[in-house]
Every structure is written in C-alpha cells, then in structure tokens.
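Presented below is the structure to which this report refers.
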Amino acid sequence: MNTVIGIPRGLFFHLFNDGWVTFFEELGFKVKVTGPSNKEVLNEGTKLALSETCLPVKFYYGHVLELADKVDYIFVPRLVSINKKEFLCPRFMGLPDTVEQNISDLPPLIVPTINYNNKETWKSAALEVGNQLNIPYIKCYKAFLKASLKHKQTIKNQQAELKDKLNKDNKKIALIGRDYIINDEITGIGIQKKIEGAGYDIITSNMIGNKDIDEGNKHIDKKLYWTLNRRLFGSALYLANNGFVDGIVQVITFGCGPDSIVCELIERKVKQISSIPNLTLTLDEHTGEAGMFTRLEAFMDLLERRITN
Amino acid sequence: MKIAFPHMGNISVMGKTLFENLGHEVIVPPKNTKRTLELGTTYAPEFACFPLKVTLGNFIEAAEKGADTIFMAGGGGPCRFGLYGHIQKEILNDLGYDIDAVIIDPPVVSISDMLSKIWKVKNGSSIKNTKTALQKAWAKMHVLDYLDKKLSKTRPYEIISSKNKDGCDNIKDQIVKMVDKEEDLNKIYQVKEEIDHRIDNLSLAPRPKNPVQVAIVGEIYMVLESFANFDIEKRLGEMGCEVKRSVYLSEWVSQNIHPLGRQKYKQKKKKIEEKAKPYIKHFVGGHGRESIGEAVIYAGEGYDGIIHVAPFTCMPETTAQSVFPIVSEDFNLPVLSMIFDEQTGEAGTVTRLEAFTDLIKRKRKTA
C-alpha cells in the first residue's frame with residue numbers, strides 16, 4: 001500500500017508522536033512527519049493564521065501547509081478533552097475547522113474527535129479512523145493496542161528519568177511549559193540547550209507522575225480544568241514545595257489563554273510556599289534569541305549566587 | 001458580609017436588589033471609568049482577557065469602599081472565565097485586602113459545592129423572602145431589557161434639537177434610576193408603561209418600511225458592557241441603524257438558568273448549531289460556535305450587517321473570527337470583527353463603525 005499519511009509536527013504531536021506514528025505504521029501506511037520547525041514554517045503559518053491566535057497554532061498551520069501537496073491524508077485530530085471533567089484549550093476544538101476553512105487545496109483530513117467527557121476515547125477515535133480508511137476492525141484494534149503500549153512505555157521512561165535526576169547532586173531547574181513549546185525547535189530547544197550548557201539538569205512536567213501532580217494541585221482549592229495547565233501547576237508546586245529544584249523557568253507564548261492565567265497563579269502560589277525564584281519568558285513570532293538568552297543568563301547568575309550563599 | 005459584584009450591562013441593578021432583599025449589605029462598585037480600567041490593567045496578568053481586567057478594577061474599587069466579599073460566577077471550562085474569581089481573589093489578597101470570594105460554579109463542576117454556596121448567599125432568608133428577592137431581580141432585568149430593545153428601535157429616528165431635551169440618553173438614565181429605586185414588584189412592571197409613554201412623546205422621524213438593521217454577536221461581556229465596547233449599540237443607533245444584540249440579560253438567564261426556559265431554548269440552540277455546522281462542527285468553548293450560527297440566522301432574516309465583538313486573545317471567539325470571512329462571503333453579508341482591549345481607542349472604534357455603516361448603506365443603494 002502506498003498511501004501516505006501526513007502528520008504535522010506541531011501542538012499535540014509533541015505529546016503523542018510515538019502513539020500516532022506507531023498506529024498508522026501498524027496499519028501499513030507510510031507516515032510522513034514534517035521536519036522540525038523553522039523560520040519558513042513560521043512565516044507561512046503566520047500569513048495563514050489569524051494574527052490573534054497563539055504562536056503554536058501559527059506553527060501548526062505552517063506544518064499543515066508543508067504537507068499539503070505531498071501526502072494523501074493529513075491527520076488533524078480534534079482534541080477536546082483527554083481526561084474526564086477536564087478540557088484542552090478551546091482553540092484545539094475548532095482547529096480542524098479553521099485549518100479546513102483557511103488553507104485551500106488540502107488533501108482529505110482525518111479528523112477523529114477525542115472527548116473523554118463524551119465517551120469519545122482514543123480507542124473509539126482509532127476505530128473511527130480505521131473506518132474512514134477501510135481497515136478491518138481487528139487490525140485496527142491491534143494497531144491501537146500497540147500504539148497505546150508504546151505511549152505508556154514512553155511515559156514510564158520519562159518518569160524514570162526524574163528519579164535519576166533527583167538522585168544526582170546536580171543543580172536543577174524546573175522548565176515549566178507546554179510540551180509543544182519547550183520541545184519545538186524554534187521556541188524551546190534553544191532554551192533547553194542554554195540551561196543544560198550552564199550545568200543544570202532540566203525537570204519538565206512530563207517527568208512527574210500523576211500522584212505527585214495531584215499533590216501539587218492541593219495548593220489551589222479550585223480544580224484547574226485544563227489538563228496541560230493542571231499538569232504544569234501541579235509539577236511546579238510539587239517541585240517547589242519539596243525543594244527539588246533551585247529555580248523555575250516558565251515558558252509561555254503570547255496569546256495563550258490558559259497560560260496567561262495559570263502562569264500568574266503558579267508565580268503567586270510558589271511565592272507563598274517557598275523562596276524559589278521564578279522566571280517567566282513570553283515568546284512570540286518577533287522574539288529575538290539574544291534577548292531571551294540574556295534574561296536566562298541573568299537568572300542563572302542569580303541562582304548561582306543563591307546556591308553559593 | 002459586605003458583598004460586591006462586577007458591572008456588566010445593567011446587572012448591578014438586579015444584583016443589588018437580589019442581595020439586599022436577602023439581607024446582605026451590598027457595595028455597588030463605582031461606575032466603570034478610566035480609573036477602573038487602569039487599576040485592573042495594573043494588577044491583572046498582562047495577557048489575561050479584557051473582561052478580567054475591568055472586573056478586577058471593579059473589585060478593587062469596591063474593596064476601597066469597604067467590601068469584604070466578592071461575588072462571581074465560576075465555570076468548568078474550557079474558557080478562562082471559570083478561573084476569574086480565583087485569580088482575582090489571589091490578587092486582591094496580595095494587594096492587602098482581606099477579601100473572601102463566593103464563586104458559584106455550575107452544577108457540572110460540583111452540585112454540593114453549588115448548593116452550599118447558594119445556601120451561604122441565601123443567608124437564612126425564608127423561602128417566601130427568597131422568592132420575592134428573585135422575582136424583583138427578574139422584573140428589573142426584564143424591564144431594563146425592554147427599555148434597551150425599545151431604545152434601539154427609536155434612536156435611529158431621534159430628532160436632536162434644543163427643544164427636544166428629553167432624548168433617548170436622558171430617558172435611559174432616568175428609567176435606570178427609577179427601576180433601581182423601585183422596590184414594589186407591581187410598580188417595577190408598571191415602569192414599562194412609563195417607558196412607552198416617554199418614547200411616544202419624543203419627536204421622531206418616520207420609521208422607514210425597510211429599516212437598516214445590524215446585529216451584534218460575540219462574547220457576552222463585550223456585547224453587554226457599554227463601557228468596554230465604547231457604547232457601540234448607541235453609536236450604531238445614532239448612525240441610523242436599528243440594533244439587535246444576540247444576548248439580553250433576561251433572555252440569557254431564562255435560557256441558561258431557568259429550568260423551564262432551558263427546555264424551551266434547546267430547540268433554538270439546535271437550530272443555531274445546525275446553521276454553524278458548515279463552518280464550525282464542534283463546540284469551541286464560550287460562545288464561539290453560537291456567534292457563527294446566529295450570524296447565519298440573521299443573514300436569513302435580512303439583516304444588513306453583523307458586528308462581532310470579542311476581547312483580545314479570547315479563545316472561543318478567535319476561532320469564530322477566523323471563519324467569519326468565509327461566512328461573510330457565502331451570504332454576501334458584511335461582518336466587522338472588533339477586538340477590544342485596554343489599548344483600544346474610542347476614535348478608532350467610531351471611525352470603523354462609520355465606515356461600516358457607510359458600506360452597508362451603499363450596498364443597499366447598489367443592490
């Protein structure tokens with residue numbers, strides 16, 4: 001079979017890439033993932049997307065466009081909720097619609113809906129996709145199982161990493177930000193390299209287990225209903241409360257709705273329970289690397305002085 | 001308990017009645033002014049949405065007047081609104097105001113929590129007392145919405161002259177004050193006759209057979225709060241357009257809170273979702289899908305144009321905004337998306353409205 005499925009390297013690809021790629025490969029398709037983000041992807045995306053939306057969505061548009069004439073289908077899932085009684089950002093709910101309306105000449109989209117509040121799970125989504133592509137039920141189910149196993153293994157590995165890092169005596173920084181920001185080539189990788197280059201270990205929210213996330217969330221009396229922000233808040237507060245890190249660096253993008261509120265909540269709550277310094281970097285399409293790095297360096301100098309004293 | 005709640009359209013009139021009749025002391029925040037906005041923008045998170053900033057300003061000004069409890073509605077997501085009260089309380093506490101927050105979440109979040117909060121607000125009043133409090137609040141809301149609807153059909157034809165001092169603006173001010181003071185249920189409803197009487201006495205140009213009609217859709221706070229949207233409803237009226245809002249407070253309450261009204265509204269909601277389907281197929285939070293569906297319905301009803309209002313970076317409405325150009329093309333319907341934040345200027349807003357009304361009037365002539 002020569003059908004090619006395209007997956008844009010943006011947004012939730014950074015969280016579920018292993019599962020998605022495994023799933024389609026198990027079904028016997030060729031999978032084409034766009035390359036790492038670059039300036040051109042961003043420029044194209046910025047032209048297509050509404051100026052008011054957030055930076056990651058603009059990247060996503062660019063990645064979709066890059067796939068447009070190269071593949072037979074593009075996988076653009078509608079992610080509403082991946083945990084019961086929780087949501088993702090409202091923008092993802094309408095994302096397949098805005099992509100379809102704003103980019104012309106696209107190949108057919110594969111748009112399964114994942115909404116745990118409405119019993120639309122990853123499993124039902126997988127079967128829905130199989131149906132659309134005329135795959136027999138059994139084969140589809142098997143592929144789904146393999147994919148979810150693979151994803152669970154990745155999570156396990158990440159959480160094992162935390163234990164390693166906590167056991168070591170290195171200086172540590174909690175890098176609090178959405179996976180698709182801190183793992184993106186343009187918005188995040190540079191920051192990660194800079195921090196590691198200065199001799200710090202990085203701890204991110206996907207290394208923290210659910211139990212510890214829940215513990216961190218005890219510091220707020222309202223349930224944060226965005227899954228990712230609940231993770232970010234929980235990990236920041238958990239790490240700060242236990243004194244596991246020397247500093248917190250939050251990376252958010254301009255125009256991100258949930259982060260605009262929760263980032264402030266993290267800042268205020270961390271201040272209430274500990275003296276761990278916090279740096280918030282806000283990125284947009286005009287952000288210059290040099291400015292960011294200067295602020296990071298200054299922040300790390302401050303940490304240095306605190307540690308030696 | 002000295003309770004304060006934020007301004008949104010005429011909500012303060014009804015809130016005051018409700019809480020006072022339940023035996024609370026109510027601190028109505030000063031009217032929205034530049035200072036409110038400045039206080040709000042100084043202390044709110046920089047990228048938070050505009051309504052959060054203005055309402056934070058209300059709470060700070062209320063706290064200055066001695067309020068010790070803020071009252072807010074909550075929510076279970078996915079829009080930011082559900083966390084407004086929590087972050088505002090955090091900010092007020094950090095500013096040194098010892099303030100408690102009563103945040104009522106809808107039943108989907110937690111029924112027991114909702115009931116316990118309502119119990120707290122109910123303040124031990126008898127059932128009879130609570131009922132009258134609700135009835136009065138409802139009546140005031142209803143009468144004020146009646147006034148707004150009536151005025152929007154009057155303003156385009158108002159003849160402004162020195163003889164004609166009792167204009168629409170005066171009527172609005174006086175009636176709002178009158179309703180605010182009135183505490184007798186029957187008399188509240190009688191204000192409607194007073195409204196009719198006063199409007200009938202205005203000297204008006206004749207209403208054409210086919211008036212220019214514009215609908216305002218979008219995010220509820222921006223639609224209702226005239227300070228935040230630079231009074232676009234009034235300005236459009238003065239530019240000769242009859243204005244219909246997608247949201248009126250009394251309708252909103254009966255559609256979303258009143259049990260019987262909710263049943264009734266279900267069908268209408270279905271129709272709206274059906275109309276939005278070619279553009280947005282799924283709930284996108286807040287009022288985003290409804291904005292599209294309503295615009296399509298208004299197009300069918302022969303409206304001349306749509307004004308779409310939203311706060312800057314509003315998540316549901318940006319989704320709507322990015323498909324509006326296509327809706328506009330499909331129905332040959334002019335749509336103006338207006339995004340507001342603390343940087344928005346009055347003059348710019350007026351210029352855009354003028355250009356828009358010029359456009360829809362010319363479109364009529366050439367059609």
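In the structure tokens, the first chain shown is A, the next is B, and so on; residue numbers restart at 1 for each chain, and ligands run from 1 in the order shown.
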
Contacts of Tyr60 in chain A at 12 Å (only C-alpha atoms; same-chain gap of 2+ positions) as number ranges by chain: A: 7-14, 34-38, 41-46, 48-49, 53-58, 62-67, 75-76, 92, 95-96, 98-99, 103, 180-181, 184

Could you write out that same residue set with C-alpha atoms as an mmCIF file, in the first residue's frame?
data_model
loop_
_atom_site.group_PDB
_atom_site.id
_atom_site.type_symbol
_atom_site.label_atom_id
_atom_site.label_comp_id
_atom_site.auth_asym_id
_atom_site.auth_seq_id
_atom_site.Cartn_x
_atom_site.Cartn_y
_atom_site.Cartn_z
ATOM 1 C CA ILE A 7 1.244 14.349 10.468
ATOM 2 C CA PRO A 8 2.124 17.988 11.155
ATOM 3 C CA ARG A 9 4.924 18.376 13.702
ATOM 4 C CA GLY A 10 3.055 20.775 15.912
ATOM 5 C CA LEU A 11 0.878 21.002 19.021
ATOM 6 C CA PHE A 12 -0.027 17.568 20.338
ATOM 7 C CA PHE A 13 2.354 15.748 18.086
ATOM 8 C CA HIS A 14 4.949 16.559 20.735
ATOM 9 C CA THR A 34 7.104 17.381 8.784
ATOM 10 C CA GLY A 35 10.600 18.399 9.702
ATOM 11 C CA PRO A 36 11.493 20.475 12.745
ATOM 12 C CA SER A 37 10.010 23.980 12.787
ATOM 13 C CA ASN A 38 12.000 26.619 11.024
ATOM 14 C CA VAL A 41 7.246 27.289 8.508
ATOM 15 C CA LEU A 42 6.541 30.115 10.927
ATOM 16 C CA ASN A 43 6.321 32.733 8.183
ATOM 17 C CA GLU A 44 3.886 30.673 6.131
ATOM 18 C CA GLY A 45 1.828 29.871 9.200
ATOM 19 C CA THR A 46 1.700 33.496 10.272
ATOM 20 C CA LEU A 48 -2.448 31.961 7.040
ATOM 21 C CA ALA A 49 -3.499 32.166 10.662
ATOM 22 C CA THR A 53 -4.168 33.274 17.747
ATOM 23 C CA CYS A 54 -1.215 31.865 19.619
ATOM 24 C CA LEU A 55 2.238 31.086 18.273
ATOM 25 C CA PRO A 56 1.986 27.255 18.359
ATOM 26 C CA VAL A 57 -1.171 27.379 16.243
ATOM 27 C CA LYS A 58 0.679 29.507 13.689
ATOM 28 C CA GLY A 62 2.809 26.160 8.594
ATOM 29 C CA HIS A 63 3.375 22.442 9.113
ATOM 30 C CA VAL A 64 -0.011 21.578 7.604
ATOM 31 C CA LEU A 65 0.771 23.676 4.554
ATOM 32 C CA GLU A 66 4.087 21.926 4.114
ATOM 33 C CA LEU A 67 2.263 18.584 3.852
ATOM 34 C CA PHE A 75 -4.081 13.722 10.403
ATOM 35 C CA VAL A 76 -5.652 16.662 12.291
ATOM 36 C CA PHE A 92 -7.968 22.858 19.597
ATOM 37 C CA LEU A 95 -8.681 23.693 14.976
ATOM 38 C CA PRO A 96 -9.703 21.192 12.255
ATOM 39 C CA THR A 98 -10.203 26.657 10.980
ATOM 40 C CA VAL A 99 -7.488 24.666 9.184
ATOM 41 C CA ILE A 103 -5.983 26.603 3.854
ATOM 42 C CA TYR A 180 4.788 21.781 22.115
ATOM 43 C CA ILE A 181 6.567 24.940 23.191
ATOM 44 C CA ASP A 184 9.782 22.873 19.484
#

Each residue of chain A lying at most 7 Å from chain B should get a row with its shortest atom-to-atom pair and the distance in Å to one decimal, counting only C-alpha atoms; could you produce that, ordered by chain and increasing number, as JSON lines?
{"residue": "A:Leu50", "atom": "CA", "partner": "B:Ser322", "partner_atom": "CA", "distance": 6.0}
{"residue": "A:Glu52", "atom": "CA", "partner": "B:Thr313", "partner_atom": "CA", "distance": 5.8}
{"residue": "A:Thr53", "atom": "CA", "partner": "B:Thr313", "partner_atom": "CA", "distance": 6.7}
{"residue": "A:Phe87", "atom": "CA", "partner": "B:Pro78", "partner_atom": "CA", "distance": 5.7}
{"residue": "A:Leu88", "atom": "CA", "partner": "B:Pro78", "partner_atom": "CA", "distance": 7.0}
{"residue": "A:Cys89", "atom": "CA", "partner": "B:Pro78", "partner_atom": "CA", "distance": 6.4}
{"residue": "A:Pro90", "atom": "CA", "partner": "B:Val284", "partner_atom": "CA", "distance": 5.3}
{"residue": "A:Arg91", "atom": "CA", "partner": "B:Met315", "partner_atom": "CA", "distance": 5.9}
{"residue": "A:Met93", "atom": "CA", "partner": "B:Val284", "partner_atom": "CA", "distance": 5.2}
{"residue": "A:Gly94", "atom": "CA", "partner": "B:Val284", "partner_atom": "CA", "distance": 5.5}
{"residue": "A:Asp97", "atom": "CA", "partner": "B:Ile280", "partner_atom": "CA", "distance": 5.6}
{"residue": "A:Thr98", "atom": "CA", "partner": "B:Val323", "partner_atom": "CA", "distance": 6.4}
{"residue": "A:Gln101", "atom": "CA", "partner": "B:Val323", "partner_atom": "CA", "distance": 6.5}
{"residue": "A:Tyr225", "atom": "CA", "partner": "B:Gly77", "partner_atom": "CA", "distance": 6.0}
{"residue": "A:Trp226", "atom": "CA", "partner": "B:Pro78", "partner_atom": "CA", "distance": 7.0}
{"residue": "A:Gly255", "atom": "CA", "partner": "B:Thr313", "partner_atom": "CA", "distance": 5.5}
{"residue": "A:Gly257", "atom": "CA", "partner": "B:Met315", "partner_atom": "CA", "distance": 6.5}
{"residue": "A:Pro258", "atom": "CA", "partner": "B:Arg80", "partner_atom": "CA", "distance": 6.5}
{"residue": "A:Ser260", "atom": "CA", "partner": "B:Phe47", "partner_atom": "CA", "distance": 5.3}
{"residue": "A:Ile261", "atom": "CA", "partner": "B:Ala48", "partner_atom": "CA", "distance": 6.2}
{"residue": "A:Glu264", "atom": "CA", "partner": "B:Pro45", "partner_atom": "CA", "distance": 6.4}
{"residue": "A:Leu265", "atom": "CA", "partner": "B:Ile87", "partner_atom": "CA", "distance": 6.8}

Members of range 4-114 of chain B assigned helix (DSSP H, G or I) by DSSP, as a ChimeraX atom specification: /B:11-21,34-43,50-64,80-94,111-114

Contacts of Asn115 in chain A within 9 Å, only C-alpha atoms, excl. fewer than 2 positions in-chain, as a VMD selection string: chain A and resid 78 to 84 87 113 117 to 122
